[in-house]
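Working notes for the structure below.
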Amino acid sequence: MTRALAAAPALAAALATTAAACAREHDVRIELGSDDGTLGLGFRCVDAQGTPLAARALVGGRLEFRIVLDLIGVGDTVPGCRGEEILRACPRAEDCPTLVVSADGRRACVEVTVAPPLDQASITRQVADALRGLELTPDAPDRPVIVRAVATTERCDERLVAPAGDTYASLDPDAAIGCAYSCPLQLDTVEGAIALYLDALDERCETQVRACAAFPARGP
Amino acid sequence: MTRLAHRIRPLAALVPAAVALAPACAPTPKHALAVALLVEGDAAAVGPVAPDAVPGLELRALALPAPASTPTPAPTGDVAALVTRARAAYAQGEHDACRAALTRVDLVAVLAAGERGVAARALTLEAACAYGARRVADAQAAAARLAALALTLPEAAVAIEVEAMIGKAIAEAGARPRHPLAVRGEAGARLAVDGRPAGCTLPCTIDLPAGDHVLAAEADGFAPAAQLVRVPDAGAAALTQAPASPELAGRQWRARLGRGLPPADLTGAALLARLTGAPRVVLLQGGARVSGALVVDGALAATGTRGRGEAPALVRELAYDARVLRRPPLWARPWFWIAATGATLLAAGATVAVTYEPEVRTRVGL
């Protein structure tokens, strides 16, 4: 009888250990457009004069900019994809923080230099090369998040990549040259790739890029 | 996703603690109850049983009486010697000495012990010696008694006249009508008439020829009783048997075992109580398994069987079954907690199996 009783907690511990050992590995890939070979509309926006926002990153005939990737928490429930629904889920900036989830705690900020020719295919390929192998997080949070990618002329300096408490500094909307985001989702349940989009109907989408980059902070 | 397992672990830790506390909560009487303990058969199978092996009981081991094939044999050795002495006196013509020796023979006791041959020799000699002493009436009376008791004429050398007298008396007794005699006594007692089994147990009615007869009754748990009755003067007879002494009860119990009767049936239980003089008696019989019986106030209260060496557990179960000890409530029994632990683990396992969601480690990258 004593042996049977002594076995009870051991069995419970074995159950727990077995449960822990049964963790499932899962990979989710981020795509900055509708598929792996394109950049979405959010990275091809033009300003009111029809000048591509990317032109702001031109340095000596090359494009030099940074791409910042964030996971933004949206609370415990999963809101819809529309901007209005997202804003309703995030009435205050601190309700939807950019999460510190990388292995080293630093923000995913990648230097991108695009050499001529600066056609769309070349830009897409060189951006993809710069981002290849980038890991946002080894273990996605167990909560709904928005995945956002911002192309910016801001530097990957300490202010930008070092965590400030449980979040990161807001991005400067004036420096943004492109932006795209996913619907709010639970990454543990996602199968395959997540494509990022900007909610715009044509390439005159500077305003949407600014709002996207500034989120969760509100614009003036 | 090990959150569920974290919830189960504290519960599992509580189970052994509860089991450890449960026996302490089992009800036990304030004072231990004395129980006589008898061990029969293979004592090694029963194993040692300490006086305090069962909480709440004080087990007092008693020695059983030594095996004996029959109850107390009747002391007929003295009677046979008297008859032999009378025979010698008769042979030497000392008829008065012969008669004097025979007056000391208690025919009732002799016949109650079933010694019909001794009784026949004594009465034959009595007739012969009376005849030799010229007491013909006494001789005829002795012959008539022998005939009434349906004794057979022994092959002893007596005077031809005496043999003829006895033969005549036997013939006359056989021709006499028989008379009913109702005999009462301890229900179920075995009745013997004139040293022969009557073929019935008390109460019963038997038909006897006129004359003196010896009624004897034997019953387990009682001392034998014998009585002389005269038929047809007595239409009924009552045999009163005293309770058996512990020694006699022990011999009777042994004799019952020898006859293949159960050791603790209704009568066996009463005998066990009487031979031990204890209100509570546990009988353990060792063999391939250990069987036991608990007798309370002379009645069988519980029986049971266990494996070899499990005598204390068997005695405890008997005490519970006989209500000598109060059986602990369900929650105070170790098996309850073992079953509860098993059921809890089973339920936990089933819950985990149904609700478990393995932890997902999602790597997000480009």
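Labels used: A, B, ... for chains in the order of the structure tokens, numbers from 1 for residues in each chain, and numbers from 1 for ligands as shown.
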I need the strand (DSSP E or B) residues of region 80-169 of chain A per DSSP on the backbone, written as a list in words.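 Filtering region 80-169 of chain A down to strand (DSSP E or B) leaves Thr98, Ala108, Cys109, Val110, Glu111, Val112, Thr113, Val114, Glu135, Leu136, Thr137, Val145, Ile146, Val147, Arg148, Ala149, Val150, Ala151, Thr152, Ala164 and Thr167 of chain A.
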Got a sec: who's within 8 Å of Arg125 (chain A), counting only C-alpha atoms, leaving out chain neighbours fewer than 4 positions off, as a list in words?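 That gives Gly37, Ala121 and Asp129 of chain A.
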As a ChimeraX atom specification, which residues of chain A does DSSP assign to alpha helix (DSSP H)? /A:2-21,83-89,120-131,158-161,206-214
Compile the contact shell of Cys205 (chain A) as a PyMOL selection string: residues with an atom at most 9 Å away, counting only C-alpha atoms, same-chain residues fewer than 5 positions apart removed. chain A and resi 41-42+44-48+198-200+210
With only C-alpha atoms as the counted atoms, please give the residues lying no more than 8 Å from region 141-147 of chain A, apart from itself and same-chain residues fewer than 3 positions off, as a compact mmCIF listing (two decimals) with N, CA and C atoms, in the first residue's frame.
# COMPACT_ATOMS: atom_id res chain seq x y z
N LEU A 69 10.61 45.22 -37.61
CA LEU A 69 9.49 44.28 -37.48
C LEU A 69 9.07 44.17 -36.02
N ASP A 70 7.77 44.28 -35.79
CA ASP A 70 7.24 44.26 -34.42
C ASP A 70 6.09 43.28 -34.30
N LEU A 71 5.95 42.75 -33.09
CA LEU A 71 4.71 42.06 -32.71
C LEU A 71 3.99 42.99 -31.74
N ILE A 72 2.78 43.35 -32.05
CA ILE A 72 2.03 44.31 -31.23
C ILE A 72 0.87 43.58 -30.57
N GLY A 73 0.86 43.58 -29.27
CA GLY A 73 -0.22 42.92 -28.55
C GLY A 73 -1.50 43.72 -28.69
N VAL A 74 -2.63 42.96 -28.75
CA VAL A 74 -3.92 43.66 -28.90
C VAL A 74 -4.90 43.22 -27.81
N GLY A 75 -4.39 42.89 -26.64
CA GLY A 75 -5.30 42.47 -25.56
C GLY A 75 -5.55 40.97 -25.60
N ASP A 76 -6.59 40.56 -24.87
CA ASP A 76 -6.84 39.12 -24.74
C ASP A 76 -7.79 38.59 -25.81
N THR A 77 -8.47 39.47 -26.51
CA THR A 77 -9.38 39.01 -27.55
C THR A 77 -8.83 39.41 -28.91
N VAL A 78 -9.32 38.73 -29.90
CA VAL A 78 -8.81 38.97 -31.25
C VAL A 78 -9.78 39.89 -31.98
N VAL A 101 9.95 40.25 -27.50
CA VAL A 101 9.80 38.80 -27.64
C VAL A 101 11.01 38.14 -28.27
N TYR A 181 0.96 45.42 -42.25
CA TYR A 181 0.66 44.69 -41.00
C TYR A 181 -0.30 43.54 -41.29
N SER A 182 -0.36 42.67 -40.31
CA SER A 182 -1.26 41.51 -40.44
C SER A 182 -2.55 41.77 -39.68
N CYS A 183 -3.50 40.93 -39.92
CA CYS A 183 -4.68 40.94 -39.05
C CYS A 183 -4.25 40.48 -37.66
N PRO A 184 -4.97 40.86 -36.62
CA PRO A 184 -4.68 40.31 -35.29
C PRO A 184 -4.85 38.79 -35.31
N LEU A 185 -3.90 38.09 -34.76
CA LEU A 185 -3.98 36.62 -34.82
C LEU A 185 -3.16 36.00 -33.68
N GLN A 186 -3.47 34.73 -33.43
CA GLN A 186 -2.74 33.95 -32.42
C GLN A 186 -1.72 33.15 -33.20
N LEU A 187 -0.47 33.50 -33.06
CA LEU A 187 0.55 32.91 -33.92
C LEU A 187 0.68 31.39 -33.74
N ASP A 188 0.36 30.90 -32.52
CA ASP A 188 0.46 29.45 -32.27
C ASP A 188 -0.50 28.67 -33.16
N LEU A 196 1.71 40.40 -45.03
CA LEU A 196 1.41 41.71 -44.45
C LEU A 196 0.86 42.63 -45.54
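For the residues B:Leu261, B:Ala301, B:Ala157, B:Ala150, ranking by smallest atom-to-atom distance to Leu208 (chain B) using only C-alpha atoms places B:Ala150 first.
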Which residues, written as an MDAnalysis selection string, have at least one atom at most 12 Å from Ala278 (chain B), with only C-alpha atoms counted and residues fewer than 2 positions away on the same chain left out? chainID B and resid 33:38 59:62 246 269:276 280:282 294:299
Mind pulling up the distance from CA of Val190 (chain A) to CA of Pro138 (chain A)?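 That distance, rounded to one decimal, is 14.8 Å.
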